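In what follows, a structure is listed as C-alpha cells, so that the remarks can point back to it.
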Amino acid sequence: MAASLALLLAVACTSQTRTTPPAPAAPPVSLPDLSGSEATVQRQINDRYQSLQALIGNHGQPSEVAQAYGDIGSLLLAADYFEVAEPFYLNAQALAPDDVRWPYYLGHVYMSRTDAAKAATSFERALRLRSDDVATLVWLGNVYLDQGEPDVAEQRFARAVTLQPRAVSALFGLGRAAMAKRDYAAAVNRFEQALAADPRASIVHYPLALAYRQLGDTLKAEAHLRQQGTVEVGPPDPLMVELRNLLNSAVAEENRGIRALDARDFASAADHFRKGVELAPDNPSVRHKLGTALSLMGDTRGAIEQFEETIRRAPNFAQSHYSLGLLLVASGDYPRALEQFRDAVRYEPNYVEARLQMADTLRRMGQHDKALVQYDTILAIDPRVAEARFGYAMTLVGLRRYREAHDVLSEAVRLYPDEPRLKEALLRLESLAAAP
Amino acid sequence: MCLLALTACRAAPPSGSTPSSSEAHAAEPAWFVDRAESSGLTFTHVNGMSGQFYYAEIIAPGAAMFDYDNDGDLDIYLVQGAPLSQTGSGTPDRGSGIPRSGGRLFRNDLVVNADGSRTLHFTDVTGGSGIVSHGYGMGVATGDFNNDGCVDLYLTNLGPNQLFRNNCDGTFTDVSRSSRTDDPSWSVSSAFLDYDRDGWLDLFVGNYLSWRVESSTPCFSASGRRDYCSPNVYQAQPSRLYHNNRDGTFSDVSAASGIAREFGPALGVSTADFNGDEWIDIYVANDGQPNQLWINQRDGTFKNMGLLSGTALSAHGKPKAGMGVDAGDIDNDGDEDLFVTNLTGEGNDVYVNDGNALFEEQSGRSGLGAASRGYTGFGTAWFDIDNDGLVDALVANGAVQTIEALRRANDPFPLHQRKLLFRNLGHGQFEEVTARGGAAFELSEVGRGVAFGDIDNDGDTDALIANNNGKPRLLINEIGARNHWIGLRLAAARDGAAGSSQTESKDGTRRTRDMLGARVAIIRDETLWRRAHSDGSYASANDPRVLGGLGESAGAPRVRVIWPDGKSEEWSRVDVDRYTTLIEGTAK
C-alpha cells in the first residue's frame with residue numbers, strides 16, 4: 001500500500017499548480033483499536049477503511065483517494081480518536097493540497113490535542129486556501145489568544161469583522177484580545193458591539209463586566225454580571241456541522257438531541273434520542289432524555305413509557321424515578337408518585353429535588369409527620385432550599401402547630417429576604433392569628 | 001508502554017508542549033530527587049479500580065505534612081482508597097481480598113548529621129496511633145482545633161469524614177461524631193481557618209458530588225466506549241462551614257454564614273485575606289461550575305464575590321474544571337494571587353490581585369496557561385523553589401478520562417501525565433523548567449494531591465506527591481539551600497486546650513500552636529509577604545511554617561507579623577538560614 005500511495009502522491013504533486021505551500025509528507029495510517037466502541041461506529045469506520053484500501057488497490061484518482069482518507073479522518077475526529085485521525089487527514093491533504101477541508105479539520109484535530117502551534121499552522125493553511133472564511137478566522141484568533149498572542153489574534157478577528165461586521169464571535173474575540181492587552185475601553189466597545197449584534201450571546205456579559213470594572217464603572221459591571229450566561233453565538237461553520245452529523249452512535253445522537261433541546265426543538269430532540277435508544281437500548285441516560293423530550297412535547301403517555309422502560313432496564317437510575325414521579329403527581333396519582341420518589345432517594349439519598357417532591361407529596365397525602373422528617377433531611381443536605389422551609393412551615397400549619405410554623409417562616413424570611421412566597425405565607429399566618 | 005497500572009511510565013511530552021530539553025541542562029544537577037522509597041515511605045495508593053469506571057476511583061488521594069509529635073520535623077499522612085462495591089457507598093468490599101489498610105501515618109526520624117547533611121527515615125506508626133480511617137479516603141487537613149499545641153487531623157472521605165484529636169502523646173482519638181464534623185457527603189478538600197478571629201480554628205469542608213456506587217451511571221465516549229463520567233452527570237453538594245465552639249465541638253453554620261447559598265462541585269480550597277482587611281476569606285475551585293470567592297463580612301457571614309472579583313470564570317466567560325488551588329504573592333506586592341489548575345484543553349489559570357480582591361486573569365501573559373493546556377492539573381502551590389524571593393510553581397497532573405494514545409498502547413490505566421515545574425522570572429512571567437526537575441519529572445503518573453513543606457529542615461520547600469493507584473513521590477529540593485533563607489514558625493501560646501490535659505512537649509518545653517492565617521512581612525530592600533497556612537493544593541495539608549527566600553543576601557531582616565486577630569508585631573532582626581519561632585506577644 002505504501003508504494004501505491006507514493007505513486008499517487010507523485011501523481012498528485014506533479015499535476016497540481018503550486019498555489020499553496022507543499023503539504024507535509026504523508027505518514028502511514030492505521031485504525032485505532034475499536035473494541036469497546038459501539039458496533040455501528042466500528043462498522044462505519046471499518047467500511048470506510050475497506051473502501052480506501054480498494055481505491056488504493058484500484059489506483060483510484062488522487063482526489064478520490066484523498067476524499068476517502070479525509071472521510072475516515074473525519075469519522076475518527078468525530079469519535080474523539082484525535083491521534084489516529086491526524087495521519088488520515090495528512091494523507092488527504094497531501095493528495096489534495098487545494099482542498100480547504102483537510103487543513104481545516106487538521107486544525108481541529110490539533111486543537112483537540114492541545115497542540116496550539118500545529119493548530120495555528122493548519123488553520124493558517126486553510127486560510128490561504130479560503131481567505132474569506134470567517135469561521136477559520138475566528139478559530140485561528142482563538143488559538144492565538146490561548147497562546148498568549150493577542151496582537152496576532154486581533155488581526156484575525158479584525159479581518160473576520162471586515163468580512164462580516166456583525167460576526168458576534170469575532171467581535172467577542174476582539175474584545176478578549178483588547179482585555180489581554182489591558183485596553184479596557186476598546187474591550188468595552190467590542191463587547192458592546194457583540195451584544196448589539198446578537199443579545200442572545202450571554203457569554204459576553206462576564207468579560208464585559210470585568211472591562212467595566214477595570215474602568216471603575218462598578219454599576220455597569222454588576223448589571224452585566226446579572227445577565228451573565230454561557231450562550232455563545234458562532235459564525236456559520238458548515239464543515240463542523242457536517243462533522244457533528246457524521247457519527248452513527250448513541251452518544252452522538254444524544255449530543256444532537258441535547259443541542260435540539262437547547263434550541264427548544266423538542267420534536268427533533270426526540271427523534272435524535274429515539275435513534276440513540278435504538279443504538280444503545282440499555283443506555284439509561286439517552287432513554288431518560290427521550291422521555292423528557294416527549295414530556296416537553298406533551299406526549300405524557302410516551303414519556304411515561306420511556307421512564308418506565310428505563311427503570312426496568314436500570315432500576316438504580318434515580319432520575320427516571322424522579323421524572324416518572326413528577327408525571328404521576330401531575331396526573332394526581334400521589335401513591336404511585338410517592339413510590340417513585342422513594343426509589344429515587346433510595347438510590348441517591350442526596351437527590352434534593354426528589355426528596356422535596358417526596359415531602360410535598362407526603363404533605364398532600366396528609367402524612368404530615370413523615371413529610372416533616374423529609375423536609376428536615378433536605379435542610380440537612382442543603383440548607384439553602386427555601387422550598388423545604390416553606391413546605392415544613394405549611395406542614396406545621398396542616399398539623400395546626402401555628403406558632404412553630406410562624407417561627408419557621410420568620411427564620412426563612414430572614415434567611416431568604418428575596419423569596420416573596422415566604423413573606424406572603426408569613427403575612428397570611430399572622431393575619432390568621434390576628435383574626436377575631 | 002506501561003506494564004502494570006501501579007508502575008510509573010516514562011513520559012513523552014504531550015503534543016503541543018515545548019519543554020526545555022533535558023540535554024540543555026545536562027550539566028546541572030536535578031532540582032529535585034525522589035527519596036520516598038529510600039526513606040521508608042512504603043505505600044501504594046489503591047483506587048479500587050474494578051473496570052466499572054466508578055467515578056470516585058479517579059479523584060483521590062491527598063497527603064499531609066505535619067508535625068504530629070512536636071519534635072520539630074514534619075511527619076506524613078497518606079490517604080488510602082479501597083475497593084468500591086455495590087454493598088455501600090464507598091464501603092470497602094470485604095470480599096475482594098484486597099486488604100483494608102486505610103491511610104497511613106509515617107513518623108519522620110530525621111537525622112541531621114555532623115556535616116549538616118540529612119538522613120531521612122520514616123517509620124509507619126499507624127498501628128497504635130489511634131488513627132483508623134474508615135471508608136474510601138479522599139483528602140486531609142491539619143490544624144490544632146482545640147488549642148492544646150498538638151496538630152489534629154481531619155480526613156475527608158467518600159462518606160462520613162473523620163476528625164482525629166491529637167492526644168499530644170503520639171496517639172489520636174477519633175472525635176468525628178462528638179465534634180459533629182462527620183459530614184456524610186463526598187468531601188475532597190478542607191481547610192482549618194479562624195474566620196471569626198476568636199483564636200480558635202474553624203473548619204471549611206469542600207463537598208463534591210452526590211455519587212454512590214448504587215446510583216453510578218454508565219458514561220461513554222463519543223465512539224460509545226465506556227469511560228469515566230464528567231461531573232455534570234451528578235449533582236453538586238453544598239460545602240460546609242463549621243464554627244469551633246471551643247469545647248471540642250463544632251456547629252454547622254453553613255446556612256447562617258451564607259456559605260451554603262451558592263456552591264458547585266468543590267475540589268480545591270484556599271483561605272487567605274484576599275481583600276487586605278485582615279479577615280480571612282475562602283476561595284473554592286469548583287469542577288465545571290463557577291468558582292467562589294467568599295469574602296468575610298466580619299460578622300460571621302460571607303459574601304460570594306467570585307464573579308465581580310474576576311475569579312469565577314475563565315476570561316472567555318465559561319467555568320472551567322477547577323481542581324487544585326493556591327494563594328500566594330507572585331509579584332511581591334503584598335497581596336494574595338491565585339493559581340487554579342484545570343482540565344486538559346483548558347489550561348491553568350493565574351489571577352493577579354490588585355490588593356482589593358479584584359483580580360486580572362493573566363494565564364496567557366504569565367506563560368502558565370498555554371504550557372499547561374495539555375494536562376489535567378491537580379495539586380499545586382506557589383512556593384519558592386530556589387529561595388530567590390519569587391514564588392515558583394509545581395503542578396501534579398493526571399487525566400480524568402481515557403487518554404486515547406495510552407489506550408492504544410494497551411496501558412491498563414491510561415490517565416497518567418507528567419508533572420510540570422515553573423520558575424518565576426519576575427514581572428509576571430514564568431518559564432517551564434520541568435526538564436530541570438530531575439528524574440521524577442520524567443515519570444508519567446496519575447498525580448493528585450501534593451503536600452509542600454521542608455521535610456528535611458534544610459531551609460527549602462520539598463514536595464510530597466500523592467499518586468492515584470500508585471506510589472507517592474517525596475521530592476527533595478536540592479537547590480533551595482544554595483541561597484539564603486529565613487524560616488519562621490508563627491505561633492501563639494496554647495490557650496485553654498479543650499479535651500486535652502497535656503501541656504508540655506516531650507522535651508519539657510511549653511507547647512505553642514501554629515497561627516494559621518498569620519501574615520508576615522520580611523523586610524529588606526524589597527519586602528516579601530508570606531502567610532502561615534496548611535491549606536491549598538488539592539486534598540492536602542502543608543507545612544504551616546513560613547519560608548522566605550533571601551537570594552544572596554545574608555543580612556538579618558526585620559520581620560513584621562500580622563496575627564489572625566489583626567494585631568501586628570515587629571521583630572527588628574531575625575537570624576537567617578535557620579528556623580525561628582515567633583510567639584505572639586513576645587516582640588521586643
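Lettering and numbering for the C-alpha cells are positional, with chains as A, B, ... in the shown order, residues counted from 1 in each chain, and ligands counted from 1 in the shown order.
With only C-alpha atoms taken into account, chain B has B:Ser15, B:Gly16, B:Ser215, B:Ala222, B:Ser223, B:Gly224, B:Arg225, B:Ala255, B:Ala260, B:Arg261, B:Gly317, B:Gly345, B:Gly364, B:Arg365, B:Ala370, B:Gly374 at most 6 Å from chain A.
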*Could you tell me, as a VMD selection string, which residues of range 68-262 of chain B DSSP assigns to alpha helix (DSSP H) when given the backbone?*
chain B and resid 176 to 179
Take the residues from that selection and put them in a file with N, CA and C atoms, as a short mmCIF file (atom, residue, chain, number, x, y, z; two decimals), in the first residue's frame.
```cif
data_model
loop_
_atom_site.label_atom_id
_atom_site.label_comp_id
_atom_site.auth_asym_id
_atom_site.auth_seq_id
_atom_site.Cartn_x
_atom_site.Cartn_y
_atom_site.Cartn_z
N SER B 176 -14.88 12.29 65.60
CA SER B 176 -15.71 12.70 64.46
C SER B 176 -17.14 12.99 64.90
N ARG B 177 -17.71 12.03 65.62
CA ARG B 177 -19.12 12.18 65.96
C ARG B 177 -19.30 13.24 67.05
N SER B 178 -18.48 13.16 68.12
CA SER B 178 -18.67 14.10 69.23
C SER B 178 -18.39 15.54 68.80
N SER B 179 -17.51 15.70 67.83
CA SER B 179 -17.19 17.06 67.38
C SER B 179 -18.22 17.58 66.39
#
```
*asked:* Please list as a VMD selection string every residue within 12 Å of Phe106 in chain B, counting only C-alpha atoms and excluding residues in the same chain fewer than 4 positions away.
replied: chain B and resid 36 39 to 43 63 to 69 73 to 79 110 120 to 127 129 131 170
_I want to know what sits within 10 Å of Ala267 in chain A, based on only C-alpha atoms, with residues of the same chain fewer than 4 positions away left out; could you give that as a VMD selection string?_
chain A and resid 257 260 to 261 271 to 273 293 to 294 296 to 297
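One finds CA of Tyr375 in chain A at 27.0 Å from CA of Glu308 in chain A.
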*State, in Å with one decimal place, the distance from CA of Gly322 in chain B to CA of Gly288 in chain B.*
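Separation of CA of Gly322 in chain B and CA of Gly288 in chain B: 6.7 Å.
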_Pro160 in chain B environment, 7 Å, only C-alpha atoms, sequence neighbours closer than 2 positions dropped, as a PyMOL selection string_ = chain B and resi 157-158+162+182-185
Write to file, as an mmCIF file, in the first residue's frame, the residues of the selection just made, with N, CA and C atoms.
```cif
data_model
loop_
_atom_site.group_PDB
_atom_site.id
_atom_site.type_symbol
_atom_site.label_atom_id
_atom_site.label_comp_id
_atom_site.auth_asym_id
_atom_site.auth_seq_id
_atom_site.Cartn_x
_atom_site.Cartn_y
_atom_site.Cartn_z
ATOM 1 N N ASN B 157 -13.658 12.000 53.165
ATOM 2 C CA ASN B 157 -13.938 10.675 52.603
ATOM 3 C C ASN B 157 -15.086 10.718 51.608
ATOM 4 N N LEU B 158 -15.207 9.639 50.887
ATOM 5 C CA LEU B 158 -16.439 9.356 50.160
ATOM 6 C C LEU B 158 -17.340 8.702 51.207
ATOM 7 N N GLN B 162 -13.774 12.202 59.045
ATOM 8 C CA GLN B 162 -13.303 11.854 60.388
ATOM 9 C C GLN B 162 -12.386 12.936 60.924
ATOM 10 N N ASP B 182 -18.645 15.039 61.272
ATOM 11 C CA ASP B 182 -18.645 13.824 60.445
ATOM 12 C C ASP B 182 -19.613 13.967 59.268
ATOM 13 N N ASP B 183 -19.348 14.975 58.474
ATOM 14 C CA ASP B 183 -20.155 15.245 57.271
ATOM 15 C C ASP B 183 -20.226 13.986 56.406
ATOM 16 N N PRO B 184 -21.434 13.520 56.106
ATOM 17 C CA PRO B 184 -21.551 12.273 55.332
ATOM 18 C C PRO B 184 -21.389 12.446 53.832
ATOM 19 N N SER B 185 -21.268 13.688 53.359
ATOM 20 C CA SER B 185 -21.188 13.910 51.907
ATOM 21 C C SER B 185 -19.835 13.438 51.372
#
```
*Could you please determine the separation between CA of Glu445 in chain B and CA of Ala532 in chain B in Å, to one decimal place?*
29.9 Å
*asked:* Calculated over only C-alpha atoms, which of the candidates B:Gly328, B:Pro564, B:Gly459, B:Pro61 has the smallest distance to Gly398 in chain B?
replied: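 Ranked by minimum distance to Gly398 in chain B, first place goes to B:Pro61.
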Find the spatial neighbours of Arg401 in chain A, counting only C-alpha atoms, within a cut-off of 12 Å - ignore same-chain residues fewer than 4 positions away - and output them as a PDB file with C-alpha atoms, in the first residue's frame.
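Saved to around_26.pdb:
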```pdb
ATOM      1  CA  HIS A 368     -47.542  15.290  57.912  1.00  0.00           C
ATOM      2  CA  ASP A 369     -45.126  13.701  60.345  1.00  0.00           C
ATOM      3  CA  TYR A 392     -42.006  22.499  56.580  1.00  0.00           C
ATOM      4  CA  ALA A 393     -43.996  25.525  57.711  1.00  0.00           C
ATOM      5  CA  MET A 394     -47.033  24.542  55.664  1.00  0.00           C
ATOM      6  CA  THR A 395     -46.914  21.049  57.110  1.00  0.00           C
ATOM      7  CA  LEU A 396     -46.907  22.532  60.591  1.00  0.00           C
ATOM      8  CA  VAL A 397     -49.919  24.582  59.602  1.00  0.00           C
ATOM      9  CA  ALA A 405     -44.967  27.424  61.667  1.00  0.00           C
ATOM     10  CA  HIS A 406     -44.629  31.131  62.375  1.00  0.00           C
ATOM     11  CA  ASP A 407     -41.142  30.630  63.812  1.00  0.00           C
ATOM     12  CA  VAL A 408     -40.032  28.573  60.805  1.00  0.00           C
ATOM     13  CA  LEU A 429     -50.303  33.293  59.006  1.00  0.00           C
ATOM     14  CA  ALA A 433     -53.642  34.728  64.104  1.00  0.00           C
TER      15      ALA A 433
END
```
For Pro103 in chain A: contacts at 12 Å, only C-alpha atoms, fewer than 2 positions along chain excluded, given as an mmCIF file with C-alpha atoms, in the first residue's frame:
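Okay, this is what ended up in around.cif:
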```cif
data_model
loop_
_atom_site.group_PDB
_atom_site.id
_atom_site.type_symbol
_atom_site.label_atom_id
_atom_site.label_comp_id
_atom_site.auth_asym_id
_atom_site.auth_seq_id
_atom_site.Cartn_x
_atom_site.Cartn_y
_atom_site.Cartn_z
ATOM 1 C CA THR A 20 -0.133 26.750 -1.615
ATOM 2 C CA PRO A 21 2.968 25.633 0.246
ATOM 3 C CA ALA A 23 1.959 19.692 2.052
ATOM 4 C CA PRO A 24 3.889 17.735 4.674
ATOM 5 C CA GLY A 70 -10.451 12.530 4.675
ATOM 6 C CA GLY A 73 -10.184 11.172 9.348
ATOM 7 C CA SER A 74 -13.499 12.892 9.945
ATOM 8 C CA GLU A 86 -4.151 13.076 12.020
ATOM 9 C CA PRO A 87 -2.345 10.802 9.523
ATOM 10 C CA PHE A 88 -5.549 10.232 7.554
ATOM 11 C CA TYR A 89 -6.016 13.959 7.143
ATOM 12 C CA LEU A 90 -2.335 14.446 6.342
ATOM 13 C CA ASN A 91 -2.670 11.924 3.537
ATOM 14 C CA ALA A 92 -5.810 13.635 2.290
ATOM 15 C CA GLN A 93 -4.019 16.957 2.399
ATOM 16 C CA ALA A 94 -1.003 15.596 0.570
ATOM 17 C CA ALA A 96 -5.486 17.193 -2.461
ATOM 18 C CA PRO A 97 -3.472 20.177 -1.255
ATOM 19 C CA ASP A 98 -6.007 22.680 -2.539
ATOM 20 C CA ASP A 99 -8.907 21.212 -0.611
ATOM 21 C CA VAL A 100 -9.572 23.515 2.334
ATOM 22 C CA ARG A 101 -11.347 20.839 4.338
ATOM 23 C CA TYR A 105 -10.113 19.614 10.113
ATOM 24 C CA LEU A 106 -6.455 19.105 10.943
ATOM 25 C CA GLY A 107 -6.607 22.402 12.822
ATOM 26 C CA HIS A 108 -9.410 20.937 14.915
ATOM 27 C CA VAL A 109 -7.500 17.705 15.446
ATOM 28 C CA TYR A 110 -4.545 19.677 16.787
ATOM 29 C CA LYS A 118 0.204 22.976 14.857
ATOM 30 C CA ALA A 119 -3.429 24.052 15.066
ATOM 31 C CA ALA A 120 -2.421 27.576 14.105
ATOM 32 C CA THR A 121 -0.302 26.295 11.209
ATOM 33 C CA SER A 122 -3.166 24.203 9.858
ATOM 34 C CA PHE A 123 -5.759 26.935 10.192
ATOM 35 C CA GLU A 124 -3.375 29.378 8.507
ATOM 36 C CA ARG A 125 -3.015 26.901 5.664
ATOM 37 C CA ALA A 126 -6.791 26.617 5.409
ATOM 38 C CA LEU A 127 -6.996 30.382 5.376
ATOM 39 C CA ARG A 128 -4.589 30.631 2.483
ATOM 40 C CA LEU A 129 -6.925 28.357 0.551
ATOM 41 C CA ARG A 130 -10.045 30.284 1.542
ATOM 42 C CA THR A 136 -11.491 29.756 10.204
ATOM 43 C CA LEU A 239 -17.737 21.917 7.926
#
```
